[in-house]
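Coordinates as given in final.pdb (PDB, C-alpha atoms):
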```
ATOM      1  CA  GLN G  95       0.000   0.000   0.000
ATOM      2  CA  VAL G  96       0.905   3.637  -0.416
ATOM      3  CA  GLN G  97       0.196   6.515   1.915
ATOM      4  CA  LEU G  98      -0.508   9.908   0.356
ATOM      5  CA  LEU G  99      -0.354  13.289   2.087
ATOM      6  CA  GLU G 100      -1.665  16.355   0.282
ATOM      7  CA  SER G 101      -0.903  19.972   1.068
ATOM      8  CA  GLY G 102      -1.188  23.391  -0.524
ATOM      9  CA  GLY G 103      -4.909  24.066  -0.647
ATOM     10  CA  GLY G 104      -6.500  27.296   0.475
ATOM     11  CA  LEU G 105      -8.494  30.355  -0.490
ATOM     12  CA  VAL G 106      -7.499  32.285  -3.596
ATOM     13  CA  GLN G 107      -9.074  35.016  -5.693
ATOM     14  CA  PRO G 108     -10.202  34.336  -9.267
ATOM     15  CA  GLY G 109      -7.231  34.520 -11.598
ATOM     16  CA  GLY G 110      -4.839  33.501  -8.840
ATOM     17  CA  SER G 111      -2.574  30.473  -8.496
ATOM     18  CA  LEU G 112      -2.011  27.626  -6.077
ATOM     19  CA  ARG G 113       0.322  24.649  -6.040
ATOM     20  CA  LEU G 114      -0.808  21.376  -4.506
ATOM     21  CA  SER G 115       1.683  18.778  -3.330
ATOM     22  CA  CYS G 116       1.205  15.066  -2.735
ATOM     23  CA  ALA G 117       3.933  13.187  -0.880
ATOM     24  CA  ALA G 118       3.890   9.411  -1.254
ATOM     25  CA  SER G 119       5.331   6.842   1.130
ATOM     26  CA  GLY G 120       5.215   3.062   1.328
ATOM     27  CA  SER G 121       5.329   0.798  -1.724
ATOM     28  CA  ILE G 122       5.984   3.655  -4.119
ATOM     29  CA  PHE G 123       7.938   1.468  -6.535
ATOM     30  CA  SER G 124       4.693  -0.256  -7.527
ATOM     31  CA  ILE G 125       2.823   2.919  -8.523
ATOM     32  CA  ASN G 126       1.941   3.080 -12.233
ATOM     33  CA  VAL G 127      -0.025   6.322 -12.363
ATOM     34  CA  MET G 128      -0.547   9.215  -9.982
ATOM     35  CA  GLY G 129      -3.284  11.719 -10.372
ATOM     36  CA  TRP G 130      -5.320  14.533  -8.936
ATOM     37  CA  TYR G 131      -9.088  14.308  -8.667
ATOM     38  CA  ARG G 132     -11.569  16.838  -7.355
ATOM     39  CA  GLN G 133     -15.059  16.770  -5.937
ATOM     40  CA  ALA G 134     -17.281  19.816  -5.681
ATOM     41  CA  PRO G 135     -20.373  19.863  -3.429
ATOM     42  CA  GLY G 136     -23.188  17.863  -4.989
ATOM     43  CA  LYS G 137     -21.016  16.599  -7.836
ATOM     44  CA  GLN G 138     -19.173  13.399  -8.619
ATOM     45  CA  ARG G 139     -15.444  13.084  -8.145
ATOM     46  CA  GLU G 140     -13.672  13.793 -11.429
ATOM     47  CA  LEU G 141     -10.175  13.362 -12.794
ATOM     48  CA  VAL G 142      -8.246  16.621 -13.068
ATOM     49  CA  ALA G 143      -4.828  15.401 -14.215
ATOM     50  CA  SER G 144      -2.647  12.308 -14.165
ATOM     51  CA  ILE G 145       0.967  11.394 -14.786
ATOM     52  CA  THR G 146       2.490   7.995 -15.537
ATOM     53  CA  GLN G 147       5.798   6.530 -14.391
ATOM     54  CA  GLY G 148       7.198   7.507 -17.763
ATOM     55  CA  GLY G 149       6.021  11.083 -17.420
ATOM     56  CA  SER G 150       3.066  11.024 -19.802
ATOM     57  CA  THR G 151       0.345  13.422 -18.689
ATOM     58  CA  ASN G 152      -3.391  13.674 -19.151
ATOM     59  CA  TYR G 153      -5.712  16.574 -18.317
ATOM     60  CA  ALA G 154      -9.411  17.222 -18.073
ATOM     61  CA  ASP G 155     -10.555  19.568 -20.837
ATOM     62  CA  SER G 156     -11.686  22.097 -18.242
ATOM     63  CA  VAL G 157      -8.142  22.611 -16.916
ATOM     64  CA  LYS G 158      -6.008  22.246 -20.050
ATOM     65  CA  GLY G 159      -3.688  25.203 -20.458
ATOM     66  CA  ARG G 160      -4.202  26.305 -16.839
ATOM     67  CA  PHE G 161      -3.055  23.354 -14.693
ATOM     68  CA  THR G 162       0.215  21.440 -14.858
ATOM     69  CA  ILE G 163       0.954  18.128 -13.182
ATOM     70  CA  SER G 164       4.554  17.161 -12.472
ATOM     71  CA  ARG G 165       6.522  14.767 -10.324
ATOM     72  CA  ASP G 166       9.790  14.813  -8.400
ATOM     73  CA  ASN G 167      10.895  11.193  -8.148
ATOM     74  CA  ALA G 168      13.682  12.020  -5.705
ATOM     75  CA  LYS G 169      11.112  13.426  -3.275
ATOM     76  CA  ASN G 170       8.352  10.922  -4.123
ATOM     77  CA  THR G 171       6.100  13.920  -4.633
ATOM     78  CA  VAL G 172       3.578  14.906  -7.286
ATOM     79  CA  TYR G 173       2.550  18.510  -7.801
ATOM     80  CA  LEU G 174      -0.418  20.245  -9.366
ATOM     81  CA  GLN G 175       0.302  23.829 -10.397
ATOM     82  CA  MET G 176      -2.994  25.634 -10.844
ATOM     83  CA  ASN G 177      -3.024  28.987 -12.622
ATOM     84  CA  SER G 178      -5.832  31.293 -13.762
ATOM     85  CA  LEU G 179      -8.118  29.760 -11.182
ATOM     86  CA  LYS G 180     -11.865  30.121 -11.610
ATOM     87  CA  PRO G 181     -14.703  29.876  -9.078
ATOM     88  CA  GLU G 182     -15.745  26.604 -10.726
ATOM     89  CA  ASP G 183     -12.393  25.113  -9.691
ATOM     90  CA  THR G 184     -13.594  25.217  -6.087
ATOM     91  CA  ALA G 185     -13.565  21.662  -4.731
ATOM     92  CA  VAL G 186     -11.805  19.219  -2.466
ATOM     93  CA  TYR G 187      -8.770  17.951  -4.349
ATOM     94  CA  TYR G 188      -7.607  14.381  -3.800
ATOM     95  CA  CYS G 189      -4.325  12.751  -4.689
ATOM     96  CA  ASN G 190      -4.530   9.247  -6.120
ATOM     97  CA  ALA G 191      -1.998   6.473  -6.681
ATOM     98  CA  TYR G 192      -2.830   3.552  -8.967
ATOM     99  CA  SER G 193      -1.093   0.212  -9.350
ATOM    100  CA  ILE G 194      -2.281  -3.217 -10.484
ATOM    101  CA  ALA G 195      -2.367  -4.222  -6.802
ATOM    102  CA  PHE G 196      -4.118  -1.267  -5.181
ATOM    103  CA  ILE G 197      -5.575   2.204  -5.452
ATOM    104  CA  SER G 198      -4.741   4.710  -2.725
ATOM    105  CA  TRP G 199      -6.296   8.082  -1.918
ATOM    106  CA  GLY G 200      -5.143  11.007   0.131
ATOM    107  CA  GLN G 201      -7.345  12.743   2.672
ATOM    108  CA  GLY G 202      -8.100  15.678   0.394
ATOM    109  CA  THR G 203      -7.302  19.378   0.490
ATOM    110  CA  GLN G 204      -9.828  22.179   0.036
ATOM    111  CA  VAL G 205      -9.367  24.703  -2.759
ATOM    112  CA  THR G 206     -11.714  27.687  -2.713
ATOM    113  CA  VAL G 207     -11.684  30.278  -5.488
ATOM    114  CA  SER G 208     -13.651  33.339  -4.451
ATOM    115  CA  SER G 209     -13.394  37.096  -4.325
TER     116      SER G 209
END
```
What would the structure in this file look like if it were written as structure tokens?
Amino acid sequence: QVQLLESGGGLVQPGGSLRLSCAASGSIFSINVMGWYRQAPGKQRELVASITQGGSTNYADSVKGRFTISRDNAKNTVYLQMNSLKPEDTAVYYCNAYSIAFISWGQGTQVTVSS
């Protein structure tokens, strides 16, 4: 199993930026894909961005050009740089680690975009 610890959420004005971090510990060698999901009140959890072991990335259409996912293998950490934030980006953001043996989730971090 893998333990995930998110940080970096908060309150930001529209047009602002935030960077989320997700530190992984445990059986990190077995992780195939890491990603960020979000869940807004009354809505289903949705994929925001993902990154494979090889560095291939995938983004939801709603965040393309504004968000960037990256990873620092030396620190076992995945980041989500969020720019040009909009009120509709408000949600709890969850880090996710996927392998053929398990799926792990972090506890979530709140991102609120409001003036």
List as a short mmCIF file (atom, residue, chain, number, x, y, z; two decimals) with C-alpha atoms, in the coordinates of the input the protein and nucleic acid residues near segment 160-169 of chain G, meaning an atom at most 12 Å away when all atoms listed in the file are counted, but skip any in the same chain fewer than 3 places from it.
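File part-v5.cif, as written:
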```
data_model
loop_
_atom_site.label_atom_id
_atom_site.label_comp_id
_atom_site.auth_asym_id
_atom_site.auth_seq_id
_atom_site.Cartn_x
_atom_site.Cartn_y
_atom_site.Cartn_z
CA GLY G 109 -7.23 34.52 -11.60
CA GLY G 110 -4.84 33.50 -8.84
CA SER G 111 -2.57 30.47 -8.50
CA LEU G 112 -2.01 27.63 -6.08
CA ARG G 113 0.32 24.65 -6.04
CA LEU G 114 -0.81 21.38 -4.51
CA SER G 115 1.68 18.78 -3.33
CA CYS G 116 1.20 15.07 -2.74
CA ALA G 117 3.93 13.19 -0.88
CA ALA G 118 3.89 9.41 -1.25
CA SER G 119 5.33 6.84 1.13
CA ILE G 122 5.98 3.66 -4.12
CA PHE G 123 7.94 1.47 -6.54
CA ILE G 125 2.82 2.92 -8.52
CA VAL G 127 -0.02 6.32 -12.36
CA MET G 128 -0.55 9.22 -9.98
CA GLY G 129 -3.28 11.72 -10.37
CA TRP G 130 -5.32 14.53 -8.94
CA TYR G 131 -9.09 14.31 -8.67
CA VAL G 142 -8.25 16.62 -13.07
CA ALA G 143 -4.83 15.40 -14.22
CA SER G 144 -2.65 12.31 -14.16
CA ILE G 145 0.97 11.39 -14.79
CA THR G 146 2.49 8.00 -15.54
CA GLN G 147 5.80 6.53 -14.39
CA GLY G 148 7.20 7.51 -17.76
CA GLY G 149 6.02 11.08 -17.42
CA SER G 150 3.07 11.02 -19.80
CA THR G 151 0.34 13.42 -18.69
CA ASN G 152 -3.39 13.67 -19.15
CA TYR G 153 -5.71 16.57 -18.32
CA ALA G 154 -9.41 17.22 -18.07
CA ASP G 155 -10.56 19.57 -20.84
CA SER G 156 -11.69 22.10 -18.24
CA VAL G 157 -8.14 22.61 -16.92
CA VAL G 172 3.58 14.91 -7.29
CA TYR G 173 2.55 18.51 -7.80
CA LEU G 174 -0.42 20.24 -9.37
CA GLN G 175 0.30 23.83 -10.40
CA MET G 176 -2.99 25.63 -10.84
CA ASN G 177 -3.02 28.99 -12.62
CA SER G 178 -5.83 31.29 -13.76
CA LEU G 179 -8.12 29.76 -11.18
CA LYS G 180 -11.86 30.12 -11.61
CA ASP G 183 -12.39 25.11 -9.69
CA CYS G 189 -4.32 12.75 -4.69
#
```
Q | Contact residues around Val96 of chain G with all atoms listed in the file at 10 Å, ignoring same-chain residues under 4 positions, as a ChimeraX atom specification | A | /G:118-125,190-193,196-200
Q: State, in Å with one decimal place, the distance from atom CA of Gln133 of chain G to atom CA of Pro181 of chain G.
A: 13.5 Å
Q) Using all atoms listed in the file, which of the listed residues (G:Leu105, G:Val186, G:Val207, G:Leu98) sits closest to Ala134 of chain G? A) G:Val186
Q | Exercise: Gln204 of chain G partners within 9 Å, only C-alpha atoms, chain neighbours under 3 positions left out, as a ChimeraX atom specification | A | /G:102-105,184-188
Q | Coordinates-based distance that separates atom CA of Gln97 of chain G from atom CA of Lys137 of chain G (Å, one decimal) | A | 25.4 Å
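When atom CA of Asn126 of chain G is paired with atom CA of Leu99 of chain G, their separation reads 17.7 Å.
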Could you give me the centre and size, in Å to one decimal, of an axis-aligned box around all listed atoms of segment 104-114 of chain G with 4 Å added on every side, as JSON?
```
{"center_x": -4.9, "center_y": 28.2, "center_z": -5.6, "size_x": 18.5, "size_y": 21.6, "size_z": 20.1}
```
For segment 96-110 of chain G, where the input has fewer atoms than it should, I would like N, CA, C and O atoms rebuilt and written as a PDB file, in the coordinates of the input.
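Heads up, here's the output in rebuild-v4.pdb:
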```pdb
ATOM      1  N   VAL G  96       0.227   2.343  -0.353  1.00  0.00           N
ATOM      2  CA  VAL G  96       0.905   3.637  -0.416  1.00  0.00           C
ATOM      3  C   VAL G  96       0.113   4.627   0.418  1.00  0.00           C
ATOM      4  O   VAL G  96      -1.120   4.637   0.376  1.00  0.00           O
ATOM      5  N   GLN G  97       0.826   5.439   1.162  1.00  0.00           N
ATOM      6  CA  GLN G  97       0.196   6.515   1.915  1.00  0.00           C
ATOM      7  C   GLN G  97       0.457   7.828   1.182  1.00  0.00           C
ATOM      8  O   GLN G  97       1.572   8.079   0.713  1.00  0.00           O
ATOM      9  N   LEU G  98      -0.587   8.651   1.090  1.00  0.00           N
ATOM     10  CA  LEU G  98      -0.508   9.908   0.356  1.00  0.00           C
ATOM     11  C   LEU G  98      -0.887  11.057   1.280  1.00  0.00           C
ATOM     12  O   LEU G  98      -1.903  10.987   1.986  1.00  0.00           O
ATOM     13  N   LEU G  99      -0.100  12.118   1.254  1.00  0.00           N
ATOM     14  CA  LEU G  99      -0.354  13.289   2.087  1.00  0.00           C
ATOM     15  C   LEU G  99      -0.348  14.528   1.209  1.00  0.00           C
ATOM     16  O   LEU G  99       0.678  14.902   0.646  1.00  0.00           O
ATOM     17  N   GLU G 100      -1.529  15.155   1.114  1.00  0.00           N
ATOM     18  CA  GLU G 100      -1.665  16.355   0.282  1.00  0.00           C
ATOM     19  C   GLU G 100      -1.435  17.612   1.119  1.00  0.00           C
ATOM     20  O   GLU G 100      -1.679  17.624   2.328  1.00  0.00           O
ATOM     21  N   SER G 101      -1.021  18.664   0.430  1.00  0.00           N
ATOM     22  CA  SER G 101      -0.903  19.972   1.068  1.00  0.00           C
ATOM     23  C   SER G 101      -1.002  21.035  -0.016  1.00  0.00           C
ATOM     24  O   SER G 101      -0.888  20.726  -1.210  1.00  0.00           O
ATOM     25  N   GLY G 102      -1.224  22.281   0.412  1.00  0.00           N
ATOM     26  CA  GLY G 102      -1.188  23.391  -0.524  1.00  0.00           C
ATOM     27  C   GLY G 102      -2.529  24.018  -0.868  1.00  0.00           C
ATOM     28  O   GLY G 102      -2.568  24.993  -1.609  1.00  0.00           O
ATOM     29  N   GLY G 103      -3.612  23.471  -0.355  1.00  0.00           N
ATOM     30  CA  GLY G 103      -4.909  24.066  -0.647  1.00  0.00           C
ATOM     31  C   GLY G 103      -5.100  25.378   0.098  1.00  0.00           C
ATOM     32  O   GLY G 103      -4.267  25.781   0.915  1.00  0.00           O
ATOM     33  N   GLY G 104      -6.218  26.048  -0.211  1.00  0.00           N
ATOM     34  CA  GLY G 104      -6.500  27.296   0.475  1.00  0.00           C
ATOM     35  C   GLY G 104      -7.502  28.132  -0.271  1.00  0.00           C
ATOM     36  O   GLY G 104      -8.165  27.654  -1.206  1.00  0.00           O
ATOM     37  N   LEU G 105      -7.588  29.394   0.135  1.00  0.00           N
ATOM     38  CA  LEU G 105      -8.494  30.355  -0.490  1.00  0.00           C
ATOM     39  C   LEU G 105      -7.695  31.271  -1.410  1.00  0.00           C
ATOM     40  O   LEU G 105      -6.652  31.814  -1.009  1.00  0.00           O
ATOM     41  N   VAL G 106      -8.188  31.440  -2.618  1.00  0.00           N
ATOM     42  CA  VAL G 106      -7.499  32.285  -3.596  1.00  0.00           C
ATOM     43  C   VAL G 106      -8.536  33.043  -4.406  1.00  0.00           C
ATOM     44  O   VAL G 106      -9.650  32.551  -4.610  1.00  0.00           O
ATOM     45  N   GLN G 107      -8.171  34.226  -4.863  1.00  0.00           N
ATOM     46  CA  GLN G 107      -9.074  35.016  -5.693  1.00  0.00           C
ATOM     47  C   GLN G 107      -9.092  34.495  -7.126  1.00  0.00           C
ATOM     48  O   GLN G 107      -8.112  33.880  -7.575  1.00  0.00           O
ATOM     49  N   PRO G 108     -10.176  34.721  -7.846  1.00  0.00           N
ATOM     50  CA  PRO G 108     -10.202  34.336  -9.267  1.00  0.00           C
ATOM     51  C   PRO G 108      -9.015  34.938 -10.014  1.00  0.00           C
ATOM     52  O   PRO G 108      -8.658  36.102  -9.798  1.00  0.00           O
ATOM     53  N   GLY G 109      -8.417  34.109 -10.863  1.00  0.00           N
ATOM     54  CA  GLY G 109      -7.231  34.520 -11.598  1.00  0.00           C
ATOM     55  C   GLY G 109      -5.935  34.214 -10.881  1.00  0.00           C
ATOM     56  O   GLY G 109      -4.852  34.339 -11.467  1.00  0.00           O
ATOM     57  N   GLY G 110      -6.029  33.802  -9.631  1.00  0.00           N
ATOM     58  CA  GLY G 110      -4.839  33.501  -8.840  1.00  0.00           C
ATOM     59  C   GLY G 110      -4.296  32.104  -9.099  1.00  0.00           C
ATOM     60  O   GLY G 110      -4.802  31.366  -9.962  1.00  0.00           O
TER      61      GLY G 110
END
```
